[in-house]
file upload-v4.txt (compact mmCIF, N, CA and C atoms)
# COMPACT_ATOMS: atom_id res chain seq x y z
N MET R 71 14.66 20.61 11.92
CA MET R 71 13.64 19.58 12.02
C MET R 71 12.36 20.22 12.57
N SER R 72 11.26 19.96 11.90
CA SER R 72 10.01 20.56 12.35
C SER R 72 9.47 19.83 13.58
N GLU R 73 8.59 20.52 14.27
CA GLU R 73 7.98 19.92 15.46
C GLU R 73 7.23 18.64 15.12
N ASN R 74 6.62 18.60 13.93
CA ASN R 74 5.89 17.40 13.53
C ASN R 74 6.79 16.17 13.56
N TYR R 75 8.04 16.32 13.12
CA TYR R 75 8.96 15.19 13.13
C TYR R 75 9.37 14.83 14.55
N ILE R 76 9.48 15.82 15.40
CA ILE R 76 9.82 15.55 16.81
C ILE R 76 8.71 14.72 17.44
N TYR R 77 7.45 15.09 17.20
CA TYR R 77 6.32 14.34 17.74
C TYR R 77 6.18 12.96 17.10
N SER R 78 6.57 12.85 15.84
CA SER R 78 6.34 11.64 15.07
C SER R 78 7.43 10.58 15.23
N ARG R 79 8.63 11.00 15.56
CA ARG R 79 9.76 10.07 15.60
C ARG R 79 9.50 8.82 16.46
N PRO R 80 9.03 8.97 17.71
CA PRO R 80 8.82 7.75 18.51
C PRO R 80 7.81 6.78 17.87
N TYR R 81 6.82 7.33 17.19
CA TYR R 81 5.82 6.48 16.55
C TYR R 81 6.38 5.80 15.30
N GLY R 82 7.16 6.53 14.53
CA GLY R 82 7.80 5.93 13.36
C GLY R 82 8.76 4.83 13.75
N GLU R 83 9.52 5.06 14.82
CA GLU R 83 10.46 4.05 15.30
C GLU R 83 9.72 2.84 15.86
N ALA R 84 8.65 3.08 16.60
CA ALA R 84 7.86 1.98 17.16
C ALA R 84 7.23 1.15 16.04
N ALA R 85 6.72 1.82 15.02
CA ALA R 85 6.12 1.11 13.89
C ALA R 85 7.16 0.22 13.21
N PHE R 86 8.35 0.76 13.03
CA PHE R 86 9.39 -0.03 12.37
C PHE R 86 9.78 -1.23 13.22
N LYS R 87 9.91 -1.02 14.52
CA LYS R 87 10.27 -2.12 15.41
C LYS R 87 9.20 -3.22 15.36
N LEU R 88 7.94 -2.84 15.39
CA LEU R 88 6.85 -3.82 15.30
C LEU R 88 6.86 -4.54 13.96
N ALA R 89 7.11 -3.81 12.89
CA ALA R 89 7.13 -4.41 11.55
C ALA R 89 8.26 -5.43 11.43
N VAL R 90 9.42 -5.12 12.00
CA VAL R 90 10.55 -6.06 11.97
C VAL R 90 10.21 -7.30 12.80
N GLU R 91 9.62 -7.09 13.97
CA GLU R 91 9.23 -8.22 14.81
C GLU R 91 8.20 -9.10 14.11
N ASP R 92 7.29 -8.49 13.36
CA ASP R 92 6.28 -9.23 12.60
C ASP R 92 6.85 -9.85 11.33
N ASN R 93 8.09 -9.47 11.00
CA ASN R 93 8.71 -9.88 9.73
C ASN R 93 7.79 -9.50 8.56
N ASN R 94 7.31 -8.26 8.63
CA ASN R 94 6.31 -7.77 7.70
C ASN R 94 6.56 -6.32 7.32
N VAL R 95 7.80 -5.97 7.11
CA VAL R 95 8.18 -4.57 6.89
C VAL R 95 7.53 -3.99 5.64
N GLU R 96 7.51 -4.74 4.57
CA GLU R 96 6.95 -4.21 3.32
C GLU R 96 5.44 -3.96 3.44
N SER R 97 4.76 -4.85 4.11
CA SER R 97 3.32 -4.67 4.31
C SER R 97 3.04 -3.42 5.15
N TRP R 98 3.79 -3.26 6.22
CA TRP R 98 3.64 -2.06 7.06
C TRP R 98 3.94 -0.81 6.25
N SER R 99 4.98 -0.87 5.46
CA SER R 99 5.37 0.28 4.64
C SER R 99 4.24 0.69 3.71
N THR R 100 3.63 -0.27 3.06
CA THR R 100 2.53 0.00 2.13
C THR R 100 1.34 0.61 2.87
N LYS R 101 1.00 0.03 4.02
CA LYS R 101 -0.15 0.51 4.78
C LYS R 101 0.10 1.92 5.32
N LEU R 102 1.30 2.17 5.83
CA LEU R 102 1.62 3.50 6.35
C LEU R 102 1.58 4.54 5.24
N ASP R 103 2.09 4.16 4.08
CA ASP R 103 2.06 5.08 2.94
C ASP R 103 0.62 5.38 2.53
N SER R 104 -0.22 4.35 2.49
CA SER R 104 -1.63 4.55 2.15
C SER R 104 -2.32 5.45 3.17
N LEU R 105 -2.08 5.18 4.44
CA LEU R 105 -2.68 6.02 5.48
C LEU R 105 -2.20 7.46 5.38
N SER R 106 -0.94 7.63 5.04
CA SER R 106 -0.39 8.97 4.88
C SER R 106 -1.16 9.74 3.82
N THR R 107 -1.43 9.09 2.72
CA THR R 107 -2.19 9.72 1.63
C THR R 107 -3.62 10.01 2.06
N ILE R 108 -4.24 9.04 2.72
CA ILE R 108 -5.63 9.19 3.15
C ILE R 108 -5.78 10.32 4.16
N VAL R 109 -4.89 10.34 5.14
CA VAL R 109 -5.00 11.33 6.23
C VAL R 109 -4.62 12.73 5.76
N SER R 110 -3.90 12.83 4.67
CA SER R 110 -3.53 14.17 4.17
C SER R 110 -4.71 14.87 3.49
N ASP R 111 -5.77 14.14 3.23
CA ASP R 111 -6.96 14.72 2.60
C ASP R 111 -7.75 15.53 3.61
N SER R 112 -8.15 16.72 3.24
CA SER R 112 -8.86 17.61 4.16
C SER R 112 -10.21 17.04 4.60
N GLN R 113 -10.87 16.29 3.74
CA GLN R 113 -12.15 15.69 4.12
C GLN R 113 -11.95 14.60 5.17
N THR R 114 -10.87 13.85 5.05
CA THR R 114 -10.57 12.82 6.04
C THR R 114 -10.28 13.47 7.39
N ILE R 115 -9.51 14.55 7.37
CA ILE R 115 -9.20 15.27 8.62
C ILE R 115 -10.50 15.78 9.25
N ALA R 116 -11.42 16.26 8.42
CA ALA R 116 -12.70 16.76 8.94
C ALA R 116 -13.48 15.63 9.62
N VAL R 117 -13.48 14.46 9.02
CA VAL R 117 -14.18 13.31 9.62
C VAL R 117 -13.52 12.93 10.94
N LEU R 118 -12.20 12.83 10.94
CA LEU R 118 -11.48 12.41 12.14
C LEU R 118 -11.57 13.45 13.26
N SER R 119 -11.77 14.70 12.89
CA SER R 119 -11.86 15.79 13.88
C SER R 119 -13.27 15.96 14.44
N ASP R 120 -14.23 15.34 13.81
CA ASP R 120 -15.62 15.47 14.23
C ASP R 120 -15.80 14.86 15.62
N PRO R 121 -16.28 15.63 16.59
CA PRO R 121 -16.44 15.10 17.95
C PRO R 121 -17.46 13.96 18.05
N LYS R 122 -18.32 13.83 17.04
CA LYS R 122 -19.30 12.74 17.04
C LYS R 122 -18.66 11.40 16.66
N ILE R 123 -17.46 11.45 16.10
CA ILE R 123 -16.76 10.23 15.68
C ILE R 123 -15.84 9.80 16.82
N ASP R 124 -16.16 8.65 17.43
CA ASP R 124 -15.30 8.17 18.51
C ASP R 124 -14.11 7.41 17.92
N ASN R 125 -13.20 7.01 18.78
CA ASN R 125 -11.97 6.36 18.32
C ASN R 125 -12.24 5.06 17.56
N GLU R 126 -13.20 4.29 18.03
CA GLU R 126 -13.53 3.03 17.37
C GLU R 126 -14.07 3.28 15.96
N MET R 127 -14.93 4.28 15.83
CA MET R 127 -15.47 4.62 14.51
C MET R 127 -14.37 5.13 13.59
N ALA R 128 -13.45 5.92 14.13
CA ALA R 128 -12.34 6.43 13.33
C ALA R 128 -11.46 5.28 12.84
N LEU R 129 -11.22 4.30 13.71
CA LEU R 129 -10.41 3.14 13.33
C LEU R 129 -11.11 2.35 12.21
N LYS R 130 -12.40 2.13 12.33
CA LYS R 130 -13.15 1.42 11.29
C LYS R 130 -13.13 2.21 9.98
N PHE R 131 -13.30 3.53 10.10
CA PHE R 131 -13.29 4.40 8.92
C PHE R 131 -11.97 4.27 8.16
N LEU R 132 -10.86 4.40 8.88
CA LEU R 132 -9.55 4.32 8.22
C LEU R 132 -9.24 2.92 7.73
N SER R 133 -9.67 1.91 8.48
CA SER R 133 -9.42 0.52 8.09
C SER R 133 -10.10 0.17 6.77
N ASN R 134 -11.21 0.83 6.48
CA ASN R 134 -11.92 0.56 5.22
C ASN R 134 -11.08 0.90 3.99
N PHE R 135 -10.09 1.76 4.15
CA PHE R 135 -9.24 2.15 3.02
C PHE R 135 -8.10 1.16 2.79
N LEU R 136 -7.87 0.26 3.72
CA LEU R 136 -6.74 -0.66 3.63
C LEU R 136 -7.19 -2.01 3.07
N ASP R 137 -6.33 -2.61 2.25
CA ASP R 137 -6.65 -3.91 1.66
C ASP R 137 -6.64 -5.03 2.70
N ASP R 138 -5.64 -4.98 3.57
CA ASP R 138 -5.43 -6.06 4.53
C ASP R 138 -5.50 -5.50 5.94
N THR R 139 -6.46 -5.94 6.70
CA THR R 139 -6.59 -5.48 8.09
C THR R 139 -6.51 -6.64 9.07
N ASP R 140 -5.80 -7.70 8.68
CA ASP R 140 -5.67 -8.87 9.54
C ASP R 140 -4.57 -8.73 10.58
N ASN R 141 -3.64 -7.81 10.38
CA ASN R 141 -2.51 -7.67 11.29
C ASN R 141 -2.94 -6.93 12.55
N LYS R 142 -3.02 -7.66 13.64
CA LYS R 142 -3.49 -7.08 14.91
C LYS R 142 -2.54 -6.01 15.43
N ASN R 143 -1.23 -6.20 15.24
CA ASN R 143 -0.26 -5.19 15.69
C ASN R 143 -0.46 -3.88 14.93
N PHE R 144 -0.73 -3.98 13.63
CA PHE R 144 -0.93 -2.76 12.86
C PHE R 144 -2.21 -2.05 13.29
N LEU R 145 -3.26 -2.81 13.51
CA LEU R 145 -4.52 -2.20 13.96
C LEU R 145 -4.35 -1.57 15.34
N SER R 146 -3.59 -2.21 16.22
CA SER R 146 -3.33 -1.64 17.54
C SER R 146 -2.53 -0.35 17.41
N PHE R 147 -1.58 -0.34 16.49
CA PHE R 147 -0.78 0.86 16.24
C PHE R 147 -1.67 1.99 15.73
N MET R 148 -2.53 1.68 14.78
CA MET R 148 -3.47 2.69 14.27
C MET R 148 -4.36 3.22 15.39
N SER R 149 -4.84 2.31 16.22
CA SER R 149 -5.70 2.70 17.34
C SER R 149 -4.97 3.65 18.28
N LEU R 150 -3.70 3.34 18.55
CA LEU R 150 -2.89 4.21 19.41
C LEU R 150 -2.75 5.61 18.80
N LEU R 151 -2.49 5.67 17.50
CA LEU R 151 -2.35 6.97 16.82
C LEU R 151 -3.65 7.77 16.90
N ILE R 152 -4.75 7.09 16.78
CA ILE R 152 -6.06 7.77 16.86
C ILE R 152 -6.30 8.27 18.28
N GLU R 153 -6.06 7.40 19.26
CA GLU R 153 -6.31 7.77 20.66
C GLU R 153 -5.44 8.93 21.12
N THR R 154 -4.19 8.96 20.66
CA THR R 154 -3.26 10.01 21.09
C THR R 154 -3.30 11.23 20.18
N LYS R 155 -4.21 11.21 19.20
CA LYS R 155 -4.37 12.32 18.25
C LYS R 155 -3.10 12.54 17.42
N ARG R 156 -2.34 11.48 17.20
CA ARG R 156 -1.12 11.56 16.39
C ARG R 156 -1.35 11.10 14.96
N ILE R 157 -2.56 10.68 14.65
CA ILE R 157 -2.87 10.21 13.31
C ILE R 157 -2.64 11.33 12.28
N ILE R 158 -2.74 12.57 12.73
CA ILE R 158 -2.53 13.70 11.81
C ILE R 158 -1.07 13.82 11.38
N TYR R 159 -0.16 13.12 12.06
CA TYR R 159 1.25 13.13 11.70
C TYR R 159 1.62 11.93 10.85
N MET R 160 0.66 11.35 10.18
CA MET R 160 0.87 10.11 9.43
C MET R 160 1.95 10.26 8.37
N GLN R 161 2.00 11.40 7.70
CA GLN R 161 3.00 11.58 6.65
C GLN R 161 4.41 11.51 7.24
N GLU R 162 4.61 12.19 8.34
CA GLU R 162 5.94 12.19 8.98
C GLU R 162 6.28 10.81 9.53
N ILE R 163 5.30 10.14 10.12
CA ILE R 163 5.53 8.79 10.65
C ILE R 163 5.93 7.85 9.51
N SER R 164 5.23 7.95 8.40
CA SER R 164 5.54 7.12 7.24
C SER R 164 6.94 7.41 6.70
N GLU R 165 7.32 8.68 6.64
CA GLU R 165 8.65 9.06 6.15
C GLU R 165 9.75 8.56 7.08
N ILE R 166 9.53 8.65 8.37
CA ILE R 166 10.50 8.14 9.35
C ILE R 166 10.63 6.62 9.20
N PHE R 167 9.50 5.95 9.05
CA PHE R 167 9.50 4.50 8.84
C PHE R 167 10.31 4.14 7.60
N GLU R 168 10.07 4.85 6.50
CA GLU R 168 10.79 4.57 5.25
C GLU R 168 12.30 4.78 5.42
N SER R 169 12.66 5.83 6.11
CA SER R 169 14.07 6.10 6.36
C SER R 169 14.72 4.94 7.14
N LEU R 170 14.02 4.46 8.15
CA LEU R 170 14.53 3.34 8.94
C LEU R 170 14.58 2.06 8.11
N LYS R 171 13.61 1.88 7.23
CA LYS R 171 13.59 0.71 6.34
C LYS R 171 14.79 0.74 5.40
N PHE R 172 15.07 1.90 4.83
CA PHE R 172 16.23 2.03 3.94
C PHE R 172 17.52 1.72 4.69
N LYS R 173 17.64 2.26 5.88
CA LYS R 173 18.84 2.02 6.68
C LYS R 173 18.97 0.54 7.01
N HIS R 174 17.88 -0.09 7.40
CA HIS R 174 17.86 -1.51 7.74
C HIS R 174 18.28 -2.37 6.55
N ASN R 175 17.81 -2.00 5.36
CA ASN R 175 18.11 -2.75 4.14
C ASN R 175 19.38 -2.28 3.45
N ASN R 176 20.09 -1.34 4.10
CA ASN R 176 21.33 -0.78 3.56
C ASN R 176 21.11 -0.16 2.17
N VAL R 177 20.03 0.60 2.05
CA VAL R 177 19.69 1.29 0.81
C VAL R 177 20.01 2.77 0.98
N ARG R 178 20.64 3.32 -0.02
CA ARG R 178 20.93 4.76 0.00
C ARG R 178 20.27 5.39 -1.22
N VAL R 179 19.63 6.50 -0.99
CA VAL R 179 18.99 7.23 -2.08
C VAL R 179 19.86 8.45 -2.36
N VAL R 180 20.32 8.54 -3.58
CA VAL R 180 21.17 9.67 -3.95
C VAL R 180 20.60 10.33 -5.21
N GLU R 181 20.92 11.59 -5.34
CA GLU R 181 20.52 12.33 -6.52
C GLU R 181 21.77 12.99 -7.08
N VAL R 182 22.04 12.72 -8.34
CA VAL R 182 23.22 13.26 -9.00
C VAL R 182 22.77 14.28 -10.04
N GLU R 183 23.32 15.47 -9.94
CA GLU R 183 23.04 16.49 -10.94
C GLU R 183 24.33 16.80 -11.68
N SER R 184 24.22 16.86 -12.97
CA SER R 184 25.39 17.12 -13.79
C SER R 184 24.98 17.98 -14.98
N ALA R 185 25.87 18.87 -15.37
CA ALA R 185 25.61 19.71 -16.53
C ALA R 185 25.76 18.91 -17.83
N HIS R 186 26.47 17.80 -17.73
CA HIS R 186 26.72 16.95 -18.90
C HIS R 186 26.29 15.52 -18.58
N GLU R 187 26.10 14.75 -19.63
CA GLU R 187 25.73 13.35 -19.43
C GLU R 187 26.84 12.62 -18.68
N VAL R 188 26.44 11.81 -17.73
CA VAL R 188 27.41 11.06 -16.91
C VAL R 188 27.80 9.80 -17.68
N SER R 189 29.10 9.60 -17.84
CA SER R 189 29.59 8.42 -18.56
C SER R 189 29.46 7.19 -17.67
N SER R 190 29.56 6.03 -18.26
CA SER R 190 29.45 4.79 -17.49
C SER R 190 30.60 4.65 -16.51
N ASP R 191 31.80 5.14 -16.87
CA ASP R 191 32.94 5.10 -15.94
C ASP R 191 32.69 6.01 -14.74
N GLN R 192 32.15 7.19 -15.00
CA GLN R 192 31.83 8.11 -13.90
C GLN R 192 30.75 7.52 -13.00
N LEU R 193 29.76 6.91 -13.60
CA LEU R 193 28.68 6.29 -12.84
C LEU R 193 29.22 5.14 -11.98
N ASP R 194 30.09 4.33 -12.56
CA ASP R 194 30.70 3.24 -11.79
C ASP R 194 31.51 3.77 -10.62
N SER R 195 32.21 4.88 -10.86
CA SER R 195 33.01 5.51 -9.81
C SER R 195 32.11 6.01 -8.68
N LEU R 196 30.98 6.63 -9.03
CA LEU R 196 30.04 7.11 -8.02
C LEU R 196 29.45 5.95 -7.22
N ILE R 197 29.09 4.88 -7.91
CA ILE R 197 28.52 3.71 -7.24
C ILE R 197 29.51 3.09 -6.27
N SER R 198 30.78 3.06 -6.66
CA SER R 198 31.79 2.47 -5.78
C SER R 198 31.98 3.30 -4.50
N LEU R 199 31.69 4.60 -4.57
CA LEU R 199 31.80 5.44 -3.38
C LEU R 199 30.70 5.18 -2.37
N LEU R 200 29.60 4.62 -2.85
CA LEU R 200 28.49 4.35 -1.94
C LEU R 200 28.76 3.07 -1.19

call {"tool": "encode", "arguments": {"input": "upload-v4.txt", "output": "structure tokens"}}
result
Amino acid sequence: MSENYIYSRPYGEAAFKLAVEDNNVESWSTKLDSLSTIVSDSQTIAVLSDPKIDNEMALKFLSNFLDDTDNKNFLSFMSLLIETKRIIYMQEISEIFESLKFKHNNVRVVEVESAHEVSSDQLDSLISLL
């Protein structure tokens, strides 16, 4: 596990807990994924790293990329990430959140590789194992 995941885990878990409490997991998931994409851009990192940009300006800047900014808990979470300089771990936070969402919804992601086409009986057998 990389250090980024070690730093990101508490934030990913906190985000998931807040999303469940808000009964808004899918919305949080979408926003975190969007932020992950936005923050991975080198130009965005340059803006966020600029010492002339204070935390409030950074929050407004990132909020402009989101469709819905009415959720106060989400905005507070974003503000915390900006203040603690953890916004750069957005990709890892989003991935941890998604993992927790899958676990919560009892979803398993599997990848099957086969040299031959999988028959419907074999597929049914694999599904029953899950």

call {"tool": "residues_around", "arguments": {"input": "upload-v4.txt", "residues": "stretch 107-113 of chain R", "least_positions_apart": "6", "cutoff": "8 Å", "atoms": "all atoms listed in the file", "output": "list in words"}}
result
Lys101, Ser119, Phe135, Ile157, Ile158, Tyr159, Met160 and Gln161 of chain R

call {"tool": "select_by_dssp", "arguments": {"input": "upload-v4.txt", "residues": "stretch 113-186 of chain R", "states": "alpha helix (DSSP H)", "output": "PDB file with N, CA and C atoms, in the frame of the given file"}}
result
ATOM      1  N   GLN R 113     -10.870  16.290   3.740  1.00  0.00           N
ATOM      2  CA  GLN R 113     -12.150  15.690   4.120  1.00  0.00           C
ATOM      3  C   GLN R 113     -11.950  14.600   5.170  1.00  0.00           C
ATOM      4  N   THR R 114     -10.870  13.850   5.050  1.00  0.00           N
ATOM      5  CA  THR R 114     -10.570  12.820   6.040  1.00  0.00           C
ATOM      6  C   THR R 114     -10.280  13.470   7.390  1.00  0.00           C
ATOM      7  N   ILE R 115      -9.510  14.550   7.370  1.00  0.00           N
ATOM      8  CA  ILE R 115      -9.200  15.270   8.620  1.00  0.00           C
ATOM      9  C   ILE R 115     -10.500  15.780   9.250  1.00  0.00           C
ATOM     10  N   ALA R 116     -11.420  16.260   8.420  1.00  0.00           N
ATOM     11  CA  ALA R 116     -12.700  16.760   8.940  1.00  0.00           C
ATOM     12  C   ALA R 116     -13.480  15.630   9.620  1.00  0.00           C
ATOM     13  N   VAL R 117     -13.480  14.460   9.020  1.00  0.00           N
ATOM     14  CA  VAL R 117     -14.180  13.310   9.620  1.00  0.00           C
ATOM     15  C   VAL R 117     -13.520  12.930  10.940  1.00  0.00           C
ATOM     16  N   LEU R 118     -12.200  12.830  10.940  1.00  0.00           N
ATOM     17  CA  LEU R 118     -11.480  12.410  12.140  1.00  0.00           C
ATOM     18  C   LEU R 118     -11.570  13.450  13.260  1.00  0.00           C
ATOM     19  N   SER R 119     -11.770  14.700  12.890  1.00  0.00           N
ATOM     20  CA  SER R 119     -11.860  15.790  13.880  1.00  0.00           C
ATOM     21  C   SER R 119     -13.270  15.960  14.440  1.00  0.00           C
ATOM     22  N   ASN R 125     -13.200   7.010  18.780  1.00  0.00           N
ATOM     23  CA  ASN R 125     -11.970   6.360  18.320  1.00  0.00           C
ATOM     24  C   ASN R 125     -12.240   5.060  17.560  1.00  0.00           C
ATOM     25  N   GLU R 126     -13.200   4.290  18.030  1.00  0.00           N
ATOM     26  CA  GLU R 126     -13.530   3.030  17.370  1.00  0.00           C
ATOM     27  C   GLU R 126     -14.070   3.280  15.960  1.00  0.00           C
ATOM     28  N   MET R 127     -14.930   4.280  15.830  1.00  0.00           N
ATOM     29  CA  MET R 127     -15.470   4.620  14.510  1.00  0.00           C
ATOM     30  C   MET R 127     -14.370   5.130  13.590  1.00  0.00           C
ATOM     31  N   ALA R 128     -13.450   5.920  14.130  1.00  0.00           N
ATOM     32  CA  ALA R 128     -12.340   6.430  13.330  1.00  0.00           C
ATOM     33  C   ALA R 128     -11.460   5.280  12.840  1.00  0.00           C
ATOM     34  N   LEU R 129     -11.220   4.300  13.710  1.00  0.00           N
ATOM     35  CA  LEU R 129     -10.410   3.140  13.330  1.00  0.00           C
ATOM     36  C   LEU R 129     -11.110   2.350  12.210  1.00  0.00           C
ATOM     37  N   LYS R 130     -12.400   2.130  12.330  1.00  0.00           N
ATOM     38  CA  LYS R 130     -13.150   1.420  11.290  1.00  0.00           C
ATOM     39  C   LYS R 130     -13.130   2.210   9.980  1.00  0.00           C
ATOM     40  N   PHE R 131     -13.300   3.530  10.100  1.00  0.00           N
ATOM     41  CA  PHE R 131     -13.290   4.400   8.920  1.00  0.00           C
ATOM     42  C   PHE R 131     -11.970   4.270   8.160  1.00  0.00           C
ATOM     43  N   LEU R 132     -10.860   4.400   8.880  1.00  0.00           N
ATOM     44  CA  LEU R 132      -9.550   4.320   8.220  1.00  0.00           C
ATOM     45  C   LEU R 132      -9.240   2.920   7.730  1.00  0.00           C
ATOM     46  N   SER R 133      -9.670   1.910   8.480  1.00  0.00           N
ATOM     47  CA  SER R 133      -9.420   0.520   8.090  1.00  0.00           C
ATOM     48  C   SER R 133     -10.100   0.170   6.770  1.00  0.00           C
ATOM     49  N   LYS R 142      -3.020  -7.660  13.640  1.00  0.00           N
ATOM     50  CA  LYS R 142      -3.490  -7.080  14.910  1.00  0.00           C
ATOM     51  C   LYS R 142      -2.540  -6.010  15.430  1.00  0.00           C
ATOM     52  N   ASN R 143      -1.230  -6.200  15.240  1.00  0.00           N
ATOM     53  CA  ASN R 143      -0.260  -5.190  15.690  1.00  0.00           C
ATOM     54  C   ASN R 143      -0.460  -3.880  14.930  1.00  0.00           C
ATOM     55  N   PHE R 144      -0.730  -3.980  13.630  1.00  0.00           N
ATOM     56  CA  PHE R 144      -0.930  -2.760  12.860  1.00  0.00           C
ATOM     57  C   PHE R 144      -2.210  -2.050  13.290  1.00  0.00           C
ATOM     58  N   LEU R 145      -3.260  -2.810  13.510  1.00  0.00           N
ATOM     59  CA  LEU R 145      -4.520  -2.200  13.960  1.00  0.00           C
ATOM     60  C   LEU R 145      -4.350  -1.570  15.340  1.00  0.00           C
ATOM     61  N   SER R 146      -3.590  -2.210  16.220  1.00  0.00           N
ATOM     62  CA  SER R 146      -3.330  -1.640  17.540  1.00  0.00           C
ATOM     63  C   SER R 146      -2.530  -0.350  17.410  1.00  0.00           C
ATOM     64  N   PHE R 147      -1.580  -0.340  16.490  1.00  0.00           N
ATOM     65  CA  PHE R 147      -0.780   0.860  16.240  1.00  0.00           C
ATOM     66  C   PHE R 147      -1.670   1.990  15.730  1.00  0.00           C
ATOM     67  N   MET R 148      -2.530   1.680  14.780  1.00  0.00           N
ATOM     68  CA  MET R 148      -3.470   2.690  14.270  1.00  0.00           C
ATOM     69  C   MET R 148      -4.360   3.220  15.390  1.00  0.00           C
ATOM     70  N   SER R 149      -4.840   2.310  16.220  1.00  0.00           N
ATOM     71  CA  SER R 149      -5.700   2.700  17.340  1.00  0.00           C
ATOM     72  C   SER R 149      -4.970   3.650  18.280  1.00  0.00           C
ATOM     73  N   LEU R 150      -3.700   3.340  18.550  1.00  0.00           N
ATOM     74  CA  LEU R 150      -2.890   4.210  19.410  1.00  0.00           C
ATOM     75  C   LEU R 150      -2.750   5.610  18.800  1.00  0.00           C
ATOM     76  N   LEU R 151      -2.490   5.670  17.500  1.00  0.00           N
ATOM     77  CA  LEU R 151      -2.350   6.970  16.820  1.00  0.00           C
ATOM     78  C   LEU R 151      -3.650   7.770  16.900  1.00  0.00           C
ATOM     79  N   ILE R 152      -4.750   7.090  16.780  1.00  0.00           N
ATOM     80  CA  ILE R 152      -6.060   7.770  16.860  1.00  0.00           C
ATOM     81  C   ILE R 152      -6.300   8.270  18.280  1.00  0.00           C
ATOM     82  N   GLU R 153      -6.060   7.400  19.260  1.00  0.00           N
ATOM     83  CA  GLU R 153      -6.310   7.770  20.660  1.00  0.00           C
ATOM     84  C   GLU R 153      -5.440   8.930  21.120  1.00  0.00           C
ATOM     85  N   MET R 160       0.660  11.350  10.180  1.00  0.00           N
ATOM     86  CA  MET R 160       0.870  10.110   9.430  1.00  0.00           C
ATOM     87  C   MET R 160       1.950  10.260   8.370  1.00  0.00           C
ATOM     88  N   GLN R 161       2.000  11.400   7.700  1.00  0.00           N
ATOM     89  CA  GLN R 161       3.000  11.580   6.650  1.00  0.00           C
ATOM     90  C   GLN R 161       4.410  11.510   7.240  1.00  0.00           C
ATOM     91  N   GLU R 162       4.610  12.190   8.340  1.00  0.00           N
ATOM     92  CA  GLU R 162       5.940  12.190   8.980  1.00  0.00           C
ATOM     93  C   GLU R 162       6.280  10.810   9.530  1.00  0.00           C
ATOM     94  N   ILE R 163       5.300  10.140  10.120  1.00  0.00           N
ATOM     95  CA  ILE R 163       5.530   8.790  10.650  1.00  0.00           C
ATOM     96  C   ILE R 163       5.930   7.850   9.510  1.00  0.00           C
ATOM     97  N   SER R 164       5.230   7.950   8.400  1.00  0.00           N
ATOM     98  CA  SER R 164       5.540   7.120   7.240  1.00  0.00           C
ATOM     99  C   SER R 164       6.940   7.410   6.700  1.00  0.00           C
ATOM    100  N   GLU R 165       7.320   8.680   6.640  1.00  0.00           N
ATOM    101  CA  GLU R 165       8.650   9.060   6.150  1.00  0.00           C
ATOM    102  C   GLU R 165       9.750   8.560   7.080  1.00  0.00           C
ATOM    103  N   ILE R 166       9.530   8.650   8.370  1.00  0.00           N
ATOM    104  CA  ILE R 166      10.500   8.140   9.350  1.00  0.00           C
ATOM    105  C   ILE R 166      10.630   6.620   9.200  1.00  0.00           C
ATOM    106  N   PHE R 167       9.500   5.950   9.050  1.00  0.00           N
ATOM    107  CA  PHE R 167       9.500   4.500   8.840  1.00  0.00           C
ATOM    108  C   PHE R 167      10.310   4.140   7.600  1.00  0.00           C
ATOM    109  N   GLU R 168      10.070   4.850   6.500  1.00  0.00           N
ATOM    110  CA  GLU R 168      10.790   4.570   5.250  1.00  0.00           C
ATOM    111  C   GLU R 168      12.300   4.780   5.420  1.00  0.00           C
ATOM    112  N   SER R 169      12.660   5.830   6.110  1.00  0.00           N
ATOM    113  CA  SER R 169      14.070   6.100   6.360  1.00  0.00           C
ATOM    114  C   SER R 169      14.720   4.940   7.140  1.00  0.00           C
ATOM    115  N   LEU R 170      14.020   4.460   8.150  1.00  0.00           N
ATOM    116  CA  LEU R 170      14.530   3.340   8.940  1.00  0.00           C
ATOM    117  C   LEU R 170      14.580   2.060   8.110  1.00  0.00           C
ATOM    118  N   LYS R 171      13.610   1.880   7.230  1.00  0.00           N
ATOM    119  CA  LYS R 171      13.590   0.710   6.340  1.00  0.00           C
ATOM    120  C   LYS R 171      14.790   0.740   5.400  1.00  0.00           C
ATOM    121  N   PHE R 172      15.070   1.900   4.830  1.00  0.00           N
ATOM    122  CA  PHE R 172      16.230   2.030   3.940  1.00  0.00           C
ATOM    123  C   PHE R 172      17.520   1.720   4.690  1.00  0.00           C
ATOM    124  N   LYS R 173      17.640   2.260   5.880  1.00  0.00           N
ATOM    125  CA  LYS R 173      18.840   2.020   6.680  1.00  0.00           C
ATOM    126  C   LYS R 173      18.970   0.540   7.010  1.00  0.00           C
ATOM    127  N   HIS R 174      17.880  -0.090   7.400  1.00  0.00           N
ATOM    128  CA  HIS R 174      17.860  -1.510   7.740  1.00  0.00           C
ATOM    129  C   HIS R 174      18.280  -2.370   6.550  1.00  0.00           C
TER     130      HIS R 174
END

call {"tool": "residues_around", "arguments": {"input": "upload-v4.txt", "residues": "stretch 76-89 of chain R", "least_positions_apart": "6", "cutoff": "10 Å", "atoms": "only C-alpha atoms", "output": "number ranges by chain"}}
result
R: 95-99, 102, 143-144, 147-148, 150-151, 156-171, 174

call {"tool": "atom_distance", "arguments": {"input": "upload-v4.txt", "atom1": "atom C of R:Val90", "atom2": "atom N of R:Leu105"}}
result
19.4 Å

call {"tool": "atom_distance", "arguments": {"input": "upload-v4.txt", "atom1": "atom CA of R:Ser146", "atom2": "atom C of R:Phe172"}}
result
24.7 Å
